[in-house]
>>> print(open('start-v1.csv').read())   # CSV, C-alpha atoms and all ligand atoms
chain,number,residue,atom,x,y,z
X,1,MET,CA,-2.0,-23.8,9.6
X,2,PRO,CA,-1.4,-20.1,10.0
X,3,ASP,CA,-4.0,-17.7,11.3
X,4,LEU,CA,-4.3,-13.9,11.3
X,5,PHE,CA,-2.1,-13.7,14.4
X,6,SER,CA,0.7,-16.0,13.2
X,7,PRO,CA,4.1,-14.4,12.6
X,8,TYR,CA,4.9,-13.9,9.0
X,9,THR,CA,8.5,-14.0,7.6
X,10,LEU,CA,9.4,-12.6,4.2
X,11,LYS,CA,13.1,-12.5,3.3
X,12,GLY,CA,14.9,-11.3,6.4
X,13,VAL,CA,11.9,-9.6,8.0
X,14,THR,CA,9.4,-11.2,10.4
X,15,LEU,CA,6.0,-9.5,11.2
X,16,ARG,CA,4.4,-10.3,14.5
X,17,ASN,CA,1.1,-11.1,12.7
X,18,ARG,CA,-0.5,-11.0,9.3
X,19,ILE,CA,-2.2,-7.6,9.7
X,20,ALA,CA,-0.9,-4.6,7.8
X,21,MET,CA,-2.0,-1.0,7.8
X,22,SER,CA,-2.4,-0.1,4.1
X,23,PRO,CA,-1.0,3.1,2.8
X,24,MET,CA,-3.3,6.1,3.1
X,25,THR,CA,-2.7,9.6,1.7
X,26,MET,CA,-3.5,12.1,4.5
X,27,TYR,CA,-2.9,15.5,2.8
X,28,ARG,CA,-1.2,16.7,6.0
X,29,SER,CA,2.3,17.6,4.7
X,30,THR,CA,4.1,20.8,3.9
X,31,ASP,CA,7.0,20.4,1.4
X,32,GLY,CA,6.4,16.6,1.5
X,33,LEU,CA,7.5,16.4,5.1
X,34,MET,CA,6.3,14.0,7.8
X,35,SER,CA,5.3,15.8,11.0
X,36,ASP,CA,3.9,15.1,14.6
X,37,PHE,CA,0.6,14.2,12.9
X,38,HIS,CA,2.2,11.3,11.0
X,39,VAL,CA,4.2,10.1,14.1
X,40,MET,CA,0.9,10.1,16.0
X,41,LEU,CA,-1.1,8.3,13.3
X,42,LEU,CA,1.4,5.6,12.5
X,43,GLY,CA,2.8,5.2,16.0
X,44,SER,CA,-0.7,4.6,17.4
X,45,ARG,CA,-1.4,1.9,14.8
X,46,ALA,CA,1.8,0.1,15.6
X,47,ALA,CA,1.0,0.3,19.3
X,48,GLY,CA,-2.5,-1.0,18.4
X,49,GLY,CA,-1.1,-4.3,17.2
X,50,PHE,CA,-0.6,-4.0,13.4
X,51,GLY,CA,2.3,-6.1,12.3
X,52,LEU,CA,3.3,-4.0,9.3
X,53,VAL,CA,2.6,-0.2,9.1
X,54,PHE,CA,2.7,1.9,6.0
X,55,PRO,CA,2.6,5.7,5.9
X,56,GLU,CA,1.0,7.2,2.9
X,57,GLN,CA,2.4,6.9,-0.6
X,58,MET,CA,5.6,8.9,-0.7
X,59,ALA,CA,6.2,10.7,-4.0
X,60,ILE,CA,9.6,10.1,-5.6
X,61,VAL,CA,9.5,13.6,-7.3
X,62,PRO,CA,7.5,16.7,-6.3
X,63,GLU,CA,5.2,16.4,-9.3
X,64,GLY,CA,4.6,12.7,-8.3
X,65,ARG,CA,2.4,13.9,-5.4
X,66,THR,CA,-1.4,13.9,-5.4
X,67,SER,CA,-1.5,17.4,-4.1
X,68,ILE,CA,1.0,19.9,-2.6
X,69,SER,CA,0.0,18.6,0.8
X,70,CYS,CA,1.1,15.0,0.2
X,71,GLY,CA,4.2,13.2,1.4
X,72,GLY,CA,7.4,13.0,-0.5
X,73,ILE,CA,10.8,11.3,-0.5
X,74,TYR,CA,12.4,13.3,-3.2
X,75,ASP,CA,14.9,15.3,-1.1
X,76,ASP,CA,17.4,14.4,1.6
X,77,SER,CA,15.7,16.9,3.9
X,78,GLN,CA,12.7,14.6,4.1
X,79,ILE,CA,14.8,11.7,5.6
X,80,GLU,CA,14.7,13.1,9.2
X,81,GLY,CA,10.9,13.1,9.4
X,82,LEU,CA,10.6,9.7,7.8
X,83,ALA,CA,13.1,8.4,10.3
X,84,ARG,CA,11.0,9.6,13.2
X,85,VAL,CA,8.0,7.7,11.7
X,86,ALA,CA,10.0,4.5,11.1
X,87,SER,CA,11.5,4.7,14.6
X,88,ILE,CA,8.1,5.0,16.4
X,89,ILE,CA,6.7,2.2,14.3
X,90,LYS,CA,9.6,-0.1,15.3
X,91,ALA,CA,9.6,1.0,18.9
X,92,MET,CA,5.9,-0.1,19.1
X,93,GLY,CA,6.8,-3.6,17.8
X,94,ALA,CA,5.7,-3.3,14.1
X,95,VAL,CA,7.8,-3.3,10.9
X,96,PRO,CA,8.0,0.0,9.2
X,97,ALA,CA,7.1,-0.2,5.5
X,98,ILE,CA,7.2,2.5,2.8
X,99,GLN,CA,5.3,2.9,-0.4
X,100,LEU,CA,7.0,4.8,-3.2
X,101,GLY,CA,4.9,6.3,-5.9
X,102,HIS,CA,4.3,8.8,-8.7
X,103,THR,CA,0.7,9.9,-9.4
X,104,GLY,CA,1.3,10.5,-13.1
X,105,ARG,CA,-1.7,12.0,-14.9
X,106,LYS,CA,-3.8,11.9,-11.6
X,107,GLY,CA,-1.6,14.5,-9.8
X,108,SER,CA,-1.9,18.2,-9.2
X,109,GLU,CA,-5.2,17.9,-7.2
X,110,LEU,CA,-7.0,19.9,-4.6
X,111,LYS,CA,-7.6,18.1,-1.3
X,112,PRO,CA,-10.7,15.9,-1.4
X,113,TRP,CA,-12.6,18.1,1.1
X,114,GLN,CA,-11.8,21.1,-1.1
X,115,GLY,CA,-13.3,19.6,-4.2
X,116,LYS,CA,-10.6,17.1,-5.4
X,117,THR,CA,-10.5,18.7,-8.8
X,118,GLN,CA,-7.3,18.9,-10.8
X,119,LEU,CA,-5.5,22.2,-10.8
X,120,ALA,CA,-4.2,23.8,-14.0
X,121,PRO,CA,-0.4,23.5,-14.7
X,122,ASP,CA,0.0,27.2,-14.2
X,123,HIS,CA,-1.9,27.3,-10.9
X,124,PRO,CA,0.5,28.1,-8.0
X,125,ASP,CA,-0.4,24.8,-6.3
X,126,GLY,CA,-0.6,22.8,-9.6
X,127,TRP,CA,1.9,21.3,-12.1
X,128,GLN,CA,2.1,19.8,-15.5
X,129,VAL,CA,1.0,16.1,-15.2
X,130,VAL,CA,2.8,13.3,-17.1
X,131,GLY,CA,1.9,9.9,-18.4
X,132,PRO,CA,2.9,7.3,-21.0
X,133,SER,CA,0.8,9.1,-23.6
X,134,ALA,CA,-0.7,12.5,-24.0
X,135,ILE,CA,-4.2,11.3,-22.9
X,136,PRO,CA,-5.9,13.0,-20.0
X,137,TYR,CA,-7.7,10.6,-17.7
X,138,GLY,CA,-11.0,12.5,-18.1
X,139,GLY,CA,-13.7,13.1,-15.5
X,140,ARG,CA,-12.3,15.5,-13.0
X,141,TYR,CA,-8.7,15.2,-14.5
X,142,THR,CA,-9.0,17.5,-17.5
X,143,TYR,CA,-5.6,19.0,-18.1
X,144,PRO,CA,-3.3,18.0,-20.9
X,145,VAL,CA,-0.8,15.2,-20.1
X,146,HIS,CA,2.8,15.4,-21.2
X,147,ALA,CA,3.9,12.1,-22.7
X,148,LEU,CA,7.2,11.0,-21.1
X,149,THR,CA,10.2,10.7,-23.4
X,150,ARG,CA,12.5,7.7,-23.1
X,151,ASP,CA,15.1,9.9,-21.2
X,152,GLU,CA,12.4,11.1,-18.8
X,153,ILE,CA,11.4,7.5,-18.1
X,154,LYS,CA,15.0,6.6,-17.3
X,155,ALA,CA,15.2,9.7,-15.0
X,156,ILE,CA,12.0,8.4,-13.1
X,157,HIS,CA,13.7,5.1,-12.5
X,158,ARG,CA,16.7,6.9,-11.1
X,159,SER,CA,14.4,8.9,-8.9
X,160,TYR,CA,12.9,5.6,-7.6
X,161,ALA,CA,16.3,4.3,-6.8
X,162,ARG,CA,17.3,7.6,-5.0
X,163,ALA,CA,14.0,7.4,-3.0
X,164,ALA,CA,14.8,3.8,-2.1
X,165,ARG,CA,18.2,4.8,-0.8
X,166,ARG,CA,16.5,7.5,1.4
X,167,ALA,CA,13.9,5.0,2.7
X,168,LEU,CA,16.7,2.7,3.7
X,169,GLU,CA,18.6,5.5,5.4
X,170,ALA,CA,15.4,6.4,7.3
X,171,GLY,CA,15.1,2.9,8.7
X,172,PHE,CA,12.3,1.3,6.6
X,173,GLU,CA,12.4,-2.4,6.2
X,174,TRP,CA,9.8,-3.2,3.5
X,175,LEU,CA,9.4,-1.3,0.3
X,176,GLU,CA,6.4,-1.3,-1.9
X,177,MET,CA,6.1,0.4,-5.4
X,178,HIS,CA,2.7,1.9,-6.0
X,179,TYR,CA,1.8,0.9,-9.6
X,180,ALA,CA,-2.0,0.8,-9.1
X,181,HIS,CA,-4.9,3.2,-8.8
X,182,GLY,CA,-4.4,5.0,-12.1
X,183,TYR,CA,-1.1,6.5,-11.1
X,184,LEU,CA,2.0,6.4,-13.4
X,185,GLY,CA,2.9,2.7,-13.2
X,186,ALA,CA,-0.8,1.8,-13.6
X,187,SER,CA,-1.2,3.9,-16.6
X,188,PHE,CA,1.9,2.4,-18.3
X,189,PHE,CA,0.3,-1.0,-17.8
X,190,SER,CA,-3.1,0.0,-19.1
X,191,PRO,CA,-3.9,0.1,-22.9
X,192,LEU,CA,-6.5,2.8,-21.9
X,193,ALA,CA,-3.7,5.2,-21.0
X,194,ASN,CA,-0.7,3.8,-22.8
X,195,LYS,CA,-0.8,4.2,-26.6
X,196,ARG,CA,2.9,4.4,-27.1
X,197,THR,CA,4.5,2.8,-30.2
X,198,ASP,CA,8.0,2.4,-28.8
X,199,GLU,CA,9.3,-0.4,-26.5
X,200,TYR,CA,7.1,0.9,-23.6
X,201,GLY,CA,3.7,0.4,-25.3
X,202,GLY,CA,1.6,-2.1,-27.2
X,203,SER,CA,2.3,-5.7,-26.2
X,204,LEU,CA,2.0,-6.9,-22.6
X,205,GLU,CA,5.8,-7.3,-22.5
X,206,ASN,CA,6.3,-3.7,-23.5
X,207,ARG,CA,3.6,-2.3,-21.1
X,208,VAL,CA,5.3,-4.0,-18.2
X,209,ARG,CA,8.8,-2.9,-19.2
X,210,PHE,CA,8.4,0.3,-17.1
X,211,HIS,CA,7.8,-1.9,-14.0
X,212,LEU,CA,10.6,-4.3,-14.6
X,213,GLU,CA,13.2,-1.5,-15.2
X,214,ALA,CA,12.0,0.2,-12.0
X,215,LEU,CA,12.3,-3.0,-10.0
X,216,ASP,CA,15.8,-3.5,-11.3
X,217,ALA,CA,16.8,0.1,-10.4
X,218,VAL,CA,15.4,-0.1,-6.9
X,219,ARG,CA,16.9,-3.5,-6.2
X,220,GLU,CA,20.4,-2.1,-6.9
X,221,VAL,CA,20.1,0.0,-3.8
X,222,TRP,CA,17.5,-2.0,-1.7
X,223,PRO,CA,19.1,-4.9,0.0
X,224,GLU,CA,18.2,-8.5,-0.9
X,225,ARG,CA,17.4,-9.2,2.8
X,226,LEU,CA,14.5,-6.7,2.8
X,227,PRO,CA,11.2,-7.3,1.0
X,228,LEU,CA,10.5,-5.5,-2.3
X,229,THR,CA,6.8,-5.6,-3.2
X,230,MET,CA,4.5,-3.9,-5.7
X,231,ARG,CA,0.9,-2.8,-5.6
X,232,LEU,CA,-0.3,-3.6,-9.1
X,233,GLY,CA,-3.3,-2.2,-10.9
X,234,ALA,CA,-4.3,-5.7,-11.9
X,235,ASP,CA,-7.8,-5.2,-13.4
X,236,ASP,CA,-9.3,-2.1,-15.1
X,237,LEU,CA,-12.8,-3.7,-15.2
X,238,HIS,CA,-13.0,-2.4,-18.8
X,239,ASP,CA,-13.0,-4.4,-22.1
X,240,GLU,CA,-10.2,-2.3,-23.5
X,241,GLY,CA,-8.2,-2.0,-20.3
X,242,VAL,CA,-6.0,-4.3,-18.2
X,243,GLN,CA,-7.5,-7.8,-18.0
X,244,PHE,CA,-6.6,-9.9,-14.9
X,245,ASP,CA,-5.0,-12.5,-17.1
X,246,ASP,CA,-2.4,-9.8,-18.1
X,247,ALA,CA,-1.6,-9.2,-14.4
X,248,VAL,CA,-0.9,-12.9,-13.8
X,249,VAL,CA,1.7,-13.0,-16.6
X,250,ALA,CA,3.1,-9.6,-15.5
X,251,VAL,CA,3.6,-10.8,-11.9
X,252,ALA,CA,5.4,-13.9,-13.1
X,253,MET,CA,7.8,-11.6,-15.0
X,254,MET,CA,8.3,-9.3,-12.0
X,255,LYS,CA,9.1,-12.3,-9.9
X,256,GLN,CA,12.1,-12.9,-12.2
X,257,HIS,CA,13.1,-9.2,-11.5
X,258,GLY,CA,13.2,-9.6,-7.7
X,259,LEU,CA,9.6,-9.1,-6.7
X,260,ASP,CA,9.0,-10.7,-3.3
X,261,LEU,CA,5.2,-10.2,-2.8
X,262,ALA,CA,2.4,-8.9,-5.1
X,263,ASP,CA,-0.2,-6.6,-3.6
X,264,LEU,CA,-3.0,-6.9,-6.1
X,265,SER,CA,-5.3,-3.9,-6.4
X,266,MET,CA,-7.4,-2.2,-9.1
X,267,GLY,CA,-6.2,-0.3,-12.1
X,268,PHE,CA,-8.5,2.7,-11.7
X,269,ASN,CA,-7.4,3.9,-15.1
X,270,THR,CA,-11.0,4.9,-16.0
X,271,ASP,CA,-14.2,6.0,-14.4
X,272,ALA,CA,-16.1,3.8,-16.9
X,273,MET,CA,-15.7,0.5,-15.0
X,274,LYS,CA,-17.9,-2.4,-15.6
X,275,ALA,CA,-19.8,-3.5,-12.5
X,276,PRO,CA,-17.4,-2.1,-9.9
X,277,PRO,CA,-17.5,-4.4,-6.9
X,278,PHE,CA,-16.7,-1.8,-4.2
X,279,ALA,CA,-19.5,-2.9,-1.9
X,280,GLU,CA,-18.5,-6.6,-2.0
X,281,LEU,CA,-16.5,-8.1,0.8
X,282,ALA,CA,-13.0,-9.3,0.0
X,283,PHE,CA,-13.4,-8.8,-3.7
X,284,MET,CA,-9.7,-8.9,-4.6
X,285,VAL,CA,-9.0,-12.2,-2.7
X,286,GLU,CA,-10.0,-14.6,-5.5
X,287,ARG,CA,-7.8,-12.9,-8.0
X,288,ALA,CA,-4.9,-12.7,-5.6
X,289,THR,CA,-5.2,-16.4,-4.8
X,290,ARG,CA,-4.9,-17.2,-8.5
X,291,VAL,CA,-1.6,-15.2,-8.6
X,292,ARG,CA,-0.4,-16.9,-5.5
X,293,ARG,CA,-1.1,-20.4,-6.9
X,294,GLU,CA,-0.2,-19.9,-10.6
X,295,VAL,CA,2.9,-17.7,-10.1
X,296,GLY,CA,4.0,-19.1,-6.8
X,297,ILE,CA,4.5,-15.8,-5.0
X,298,PRO,CA,3.2,-14.5,-1.7
X,299,VAL,CA,0.3,-12.0,-2.0
X,300,GLY,CA,-1.2,-9.2,0.1
X,301,VAL,CA,-4.6,-7.7,-0.5
X,302,SER,CA,-6.8,-4.9,0.7
X,303,TRP,CA,-10.4,-4.0,0.0
X,304,ASN,CA,-13.2,-4.8,2.4
X,305,LEU,CA,-11.3,-7.3,4.7
X,306,GLY,CA,-12.2,-5.5,7.9
X,307,VAL,CA,-14.5,-8.2,9.3
X,308,PRO,CA,-12.3,-10.2,11.7
X,309,GLU,CA,-13.7,-13.6,10.9
X,310,LEU,CA,-13.2,-13.0,7.2
X,311,ALA,CA,-9.6,-11.7,7.6
X,312,ASP,CA,-8.8,-14.7,9.7
X,313,ARG,CA,-10.3,-17.1,7.2
X,314,VAL,CA,-8.5,-15.9,4.2
X,315,ILE,CA,-5.2,-16.5,6.0
X,316,ARG,CA,-6.3,-19.9,7.5
X,317,GLU,CA,-7.4,-21.1,4.1
X,318,GLU,CA,-4.0,-19.9,2.7
X,319,LEU,CA,-5.8,-17.8,0.1
X,320,ILE,CA,-3.5,-14.8,0.8
X,321,ASP,CA,-0.5,-14.1,3.0
X,322,LEU,CA,-1.1,-10.7,4.3
X,323,VAL,CA,-4.3,-8.7,5.1
X,324,MET,CA,-4.0,-5.1,4.3
X,325,LEU,CA,-6.4,-2.8,6.0
X,326,GLY,CA,-7.1,0.8,4.9
X,327,ARG,CA,-10.3,2.3,6.3
X,328,PRO,CA,-10.5,-0.1,9.3
X,329,ALA,CA,-7.0,1.1,10.3
X,330,LEU,CA,-8.1,4.7,10.0
X,331,SER,CA,-11.2,4.2,12.1
X,332,ASN,CA,-9.8,1.9,14.8
X,333,PRO,CA,-6.2,2.2,15.8
X,334,HIS,CA,-6.6,-1.0,17.8
X,335,TRP,CA,-8.3,-3.1,15.1
X,336,PRO,CA,-5.9,-6.0,15.7
X,337,VAL,CA,-6.8,-6.1,19.5
X,338,TRP,CA,-10.5,-5.8,18.7
X,339,ALA,CA,-10.3,-8.5,16.1
X,340,ALA,CA,-8.4,-10.7,18.5
X,341,ARG,CA,-11.1,-10.3,21.1
X,342,GLU,CA,-13.9,-10.9,18.5
X,343,LEU,CA,-12.1,-14.1,17.4
X,344,GLY,CA,-11.7,-15.3,20.9
X,345,HIS,CA,-7.9,-15.0,21.0
X,346,SER,CA,-6.7,-16.3,24.4
X,347,ASP,CA,-4.5,-13.2,25.0
X,348,PRO,CA,-5.5,-10.2,22.9
X,349,PHE,CA,-3.3,-7.8,24.8
X,350,SER,CA,-0.2,-9.7,23.8
X,351,LEU,CA,-0.7,-7.8,20.5
X,352,VAL,CA,0.2,-4.4,22.0
X,353,PRO,CA,3.7,-3.5,23.3
X,354,GLU,CA,4.8,-5.7,26.2
X,355,ASP,CA,4.9,-2.9,28.8
X,356,TRP,CA,1.5,-1.5,27.8
X,357,GLY,CA,0.0,-5.0,27.6
X,358,TRP,CA,1.4,-5.9,31.0
X,359,TRP,CA,-0.9,-3.3,32.7
X,360,LEU,CA,-4.0,-4.6,30.9
X,361,ARG,CA,-3.2,-8.2,31.6
X,362,ASN,CA,-2.1,-7.8,35.2
X,363,PHE,CA,-3.8,-4.7,36.7
X,364,ARG,CA,-7.1,-6.4,36.4
X,365,ALA,CA,-10.3,-4.4,36.2
X,366,HIS,CA,-13.9,-5.6,36.0
X,367,GLU,CA,-14.0,-7.3,32.6
X,368,SER,CA,-16.6,-4.8,31.3
X,369,CYS,CA,-14.5,-1.8,32.3
X,370,ILE,CA,-11.4,-2.1,30.2
X,371,GLY,CA,-12.8,-0.4,27.0
X,372,TRP,CA,-14.0,-3.5,25.1
X,373,PRO,CA,-17.1,-5.6,25.1
X,374,VAL,CA,-16.9,-8.6,27.4
X,375,VAL,CA,-15.8,-11.8,25.6
X,376,GLU,CA,-17.4,-15.0,27.0
X,377,GLU,CA,-14.9,-17.7,28.2
X,378,SER,CA,-16.5,-20.2,25.8
X,379,ALA,CA,-15.7,-18.0,22.8
X,380,LYS,CA,-12.0,-18.0,23.5
X,381,ARG,CA,-9.8,-20.3,21.5
X,382,GLU,CA,-6.1,-21.1,21.1
X,383,THR,CA,-4.3,-19.4,18.3
X,384,ASN,CA,-0.9,-19.7,16.7
X,385,ALA,CA,0.2,-16.4,18.1
X,386,ALA,CA,3.9,-16.3,19.1
X,401,LIG,C1,-7.9,8.1,2.9
X,401,LIG,C2,-7.4,7.0,2.0
X,401,LIG,C3,-6.1,7.3,1.3
X,401,LIG,C4,-5.5,6.3,0.5
X,401,LIG,N1,-4.3,6.5,0.0
X,401,LIG,C5,-3.6,5.5,-0.6
X,401,LIG,C6,-2.2,5.6,-0.9
X,401,LIG,O1,-1.6,6.5,-0.6
X,401,LIG,N2,-1.7,4.5,-1.6
X,401,LIG,C7,-2.4,3.4,-1.9
X,401,LIG,O2,-1.8,2.4,-2.4
X,401,LIG,N3,-3.7,3.2,-1.5
X,401,LIG,C8,-4.3,4.2,-0.9
X,401,LIG,N4,-5.6,4.1,-0.5
X,401,LIG,C9,-6.2,2.7,-0.6
X,401,LIG,C10,-6.0,1.9,0.6
X,401,LIG,O3,-4.7,1.6,0.9
X,401,LIG,C11,-6.8,0.6,0.5
X,401,LIG,O4,-6.2,-0.2,-0.5
X,401,LIG,C12,-8.2,0.8,0.2
X,401,LIG,O5,-8.8,1.7,1.1
X,401,LIG,C13,-9.0,-0.6,0.4
X,401,LIG,O6,-8.8,-1.1,1.6
X,401,LIG,P1,-10.0,-1.0,2.8
X,401,LIG,O7,-11.2,-1.7,2.2
X,401,LIG,O8,-9.4,-1.8,3.9
X,401,LIG,O9,-10.2,0.4,3.1
X,401,LIG,C14,-6.2,5.1,0.3
X,401,LIG,C15,-7.5,4.8,0.9
X,401,LIG,C16,-8.0,5.8,1.7
X,401,LIG,C17,-9.3,5.5,2.4
>>> encode(input="start-v1.csv", output="structure tokens")
Amino acid sequence: MPDLFSPYTLKGVTLRNRIAMSPMTMYRSTDGLMSDFHVMLLGSRAAGGFGLVFPEQMAIVPEGRTSISCGGIYDDSQIEGLARVASIIKAMGAVPAIQLGHTGRKGSELKPWQGKTQLAPDHPDGWQVVGPSAIPYGGRYTYPVHALTRDEIKAIHRSYARAARRALEAGFEWLEMHYAHGYLGASFFSPLANKRTDEYGGSLENRVRFHLEALDAVREVWPERLPLTMRLGADDLHDEGVQFDDAVVAVAMMKQHGLDLADLSMGFNTDAMKAPPFAELAFMVERATRVRREVGIPVGVSWNLGVPELADRVIREELIDLVMLGRPALSNPHWPVWAARELGHSDPFSLVPEDWGWWLRNFRAHESCIGWPVVEESAKRETNAA
């Protein structure tokens, strides 16, 4: 039986445990570039014991960013910074993952702490946003949306493929496409945003065509030995939006197009959600388990899994394959070590790099003076850690 600390192999890649740092947009880039900030943020989480580490969503074109301060992978000049990030993650024992995305009709924003409103297309820091149909999201996203032509859709797939090539060159070993959270892929999947009458709209088969074509384009450059995954907007929590049953069928189709793992998340294609469950623990797990069992594909999930006992249980009970942590990873760089201690792991410092862990295991201090609450001997247990 696996547990949270068991190694996990997908295709030719083995993670040292089942804990991933989920992608989080930091609004700290200039010209889409990674900087010392990103090396610090992601390197520290890798050193803190996460098995898989994602930087923020990287935009495949400049107008695919959330704001002008967001990361990008649309130009070869961005490879060097990305390579620094991949390199420190690897040096600290984790696997470097990358999330490619396009924000679609939710782009052209101000930073959250500056008001998070959408900027007009003619604002110096804004741009014309795009989507499957000319339907603004509403709420704080008020500006007109350009409905993509077929040629523009094909160009976006080519941009995904070019971005994947850059990710490979930078040293990333796990690639996720971001098709959730109301961004471009999510809006193609959602009848709330997609009212097209061509082969990209209408039926479920048509609404998932954008995803399948993108997977095909990326797989042409992304090697078979490396995992290709997708974060899918699997539920809009709205009667006229994406229903979870649609997502189960869509993931089965994606599996035929080379998808190796499904990361199930929310559609976020509308603010008018029915009973949003955001205060509930582990609220995506049950849905993900259904995909895992019915489609026969590994699944990763985020959303309120930062309680160690819960994160461990969803792996032990084989409900999901990978625990993805967003806010817990932001607030505690050593979440895996903390969780290991809370769970009574017999050797929590085996999770950090060997040389670093050596000091903590061998240069013994008083148990209460190493920066963590004391764990009673009786609470310790054997794990499947490598
Ligand atoms: C500051 C912040 C930025 C985020 N940016 C992204 C992103 O770039 N891509 C993405 O797929 N999800 C993004 N998310 C969502 C997280 O990856 C994660 O799915 C979500 O926070 C739920 O997990 P949690 O309960 O562990 O925080 C972001 C979340 C936060 C808090």
>>> closest_residue(input="start-v1.csv", among="X:Ala247, X:Val129, X:Ala20, X:Leu226", to="ligand LIG 401 (chain X)", atoms="only C-alpha atoms and all ligand atoms")
X:Ala20
>>> residues_near_ligand(input="start-v1.csv", ligand="ligand LIG 401 (chain X)", cutoff="7 Å", atoms="all atoms listed in the file", output="list of chain:residue names")
X:Ser22, X:Pro23, X:Met24, X:Thr25, X:Met26, X:Glu56, X:Gln57, X:His178, X:Ala180, X:Arg231, X:Ser302, X:Trp303, X:Asn304, X:Leu305, X:Gly306, X:Met324, X:Leu325, X:Gly326, X:Arg327, X:Pro328
>>> closest_residue(input="start-v1.csv", among="X:Ala167, X:Val249, X:Leu110, X:Ala120", to="Ile79 in chain X", atoms="all atoms listed in the file")
X:Ala167
>>> atom_distance(input="start-v1.csv", atom1="CA of Leu175 in chain X", atom2="CA of Ala59 in chain X")
13.1 Å
>>> residues_around(input="start-v1.csv", residues="Thr197 in chain X", least_positions_apart="4", cutoff="12 Å", atoms="all atoms listed in the file", output="NGL selection string")
:X and (132-133 or 147 or 149-150 or 191 or 201-203 or 206-207)
>>> residues_around(input="start-v1.csv", residues="range 311-321 of chain X", least_positions_apart="6", cutoff="8 Å", atoms="all atoms listed in the file", output="list in words")
Met1, Pro2, Asp3, Leu4, Arg18, Val285, Glu286, Ala288, Thr289, Arg292, Pro298, Val299, Gly300, Val301 and Leu305 of chain X
>>> atom_distance(input="start-v1.csv", atom1="CA of Gly241 in chain X", atom2="CA of Leu212 in chain X")
19.8 Å
>>> atom_distance(input="start-v1.csv", atom1="CA of Leu310 in chain X", atom2="CA of Ser331 in chain X")
18.0 Å
>>> closest_residue(input="start-v1.csv", among="X:Leu82, X:Ile156, X:Asn194, X:Asp125", to="Glu169 in chain X", atoms="only C-alpha atoms")
X:Leu82
>>> closest_residue(input="start-v1.csv", among="X:Thr270, X:Ser6, X:Gln78, X:Gln128", to="Ser29 in chain X", atoms="all atoms listed in the file")
X:Gln78
>>> closest_residue(input="start-v1.csv", among="X:Ile98, X:Thr142, X:Ser190, X:Gly51", to="Thr229 in chain X", atoms="all atoms listed in the file")
X:Ile98
>>> residues_near_point(input="start-v1.csv", point="(-12.0, 5.7, 17.5)", cutoff="12 Å", atoms="all atoms listed in the file", output="JSON, numbers by chain")
{"X": [41, 44, 45, 48, 327, 328, 329, 330, 331, 332, 333, 334, 335, 338, 371]}
>>> write_last_selection(input="start-v1.csv", atoms="C-alpha atoms", output="PDB file, in the coordinates of the input")
ATOM      1  CA  LEU X  41      -1.100   8.300  13.300  1.00  0.00           C
ATOM      2  CA  SER X  44      -0.700   4.600  17.400  1.00  0.00           C
ATOM      3  CA  ARG X  45      -1.400   1.900  14.800  1.00  0.00           C
ATOM      4  CA  GLY X  48      -2.500  -1.000  18.400  1.00  0.00           C
ATOM      5  CA  ARG X 327     -10.300   2.300   6.300  1.00  0.00           C
ATOM      6  CA  PRO X 328     -10.500  -0.100   9.300  1.00  0.00           C
ATOM      7  CA  ALA X 329      -7.000   1.100  10.300  1.00  0.00           C
ATOM      8  CA  LEU X 330      -8.100   4.700  10.000  1.00  0.00           C
ATOM      9  CA  SER X 331     -11.200   4.200  12.100  1.00  0.00           C
ATOM     10  CA  ASN X 332      -9.800   1.900  14.800  1.00  0.00           C
ATOM     11  CA  PRO X 333      -6.200   2.200  15.800  1.00  0.00           C
ATOM     12  CA  HIS X 334      -6.600  -1.000  17.800  1.00  0.00           C
ATOM     13  CA  TRP X 335      -8.300  -3.100  15.100  1.00  0.00           C
ATOM     14  CA  TRP X 338     -10.500  -5.800  18.700  1.00  0.00           C
ATOM     15  CA  GLY X 371     -12.800  -0.400  27.000  1.00  0.00           C
TER      16      GLY X 371
END
>>> build_atoms(input="start-v1.csv", residues="range 44-50 of chain X", atoms="N, CA and C atoms", output="CSV table (one decimal), keeping the file's coordinate frame")
chain,number,residue,atom,x,y,z
X,44,SER,N,0.5,5.1,16.6
X,44,SER,CA,-0.7,4.6,17.4
X,44,SER,C,-1.1,3.3,16.7
X,45,ARG,N,-1.0,3.2,15.4
X,45,ARG,CA,-1.4,1.9,14.8
X,45,ARG,C,-0.4,0.8,15.1
X,46,ALA,N,0.9,1.2,15.2
X,46,ALA,CA,1.8,0.1,15.6
X,46,ALA,C,1.6,-0.3,17.0
X,47,ALA,N,1.3,0.7,17.9
X,47,ALA,CA,1.0,0.3,19.3
X,47,ALA,C,-0.3,-0.5,19.4
X,48,GLY,N,-1.2,-0.3,18.4
X,48,GLY,CA,-2.5,-1.0,18.4
X,48,GLY,C,-2.4,-2.4,17.9
X,49,GLY,N,-1.2,-2.9,17.5
X,49,GLY,CA,-1.1,-4.3,17.2
X,49,GLY,C,-0.8,-4.6,15.7
X,50,PHE,N,-0.9,-3.6,14.8
X,50,PHE,CA,-0.6,-4.0,13.4
X,50,PHE,C,0.8,-4.5,13.3
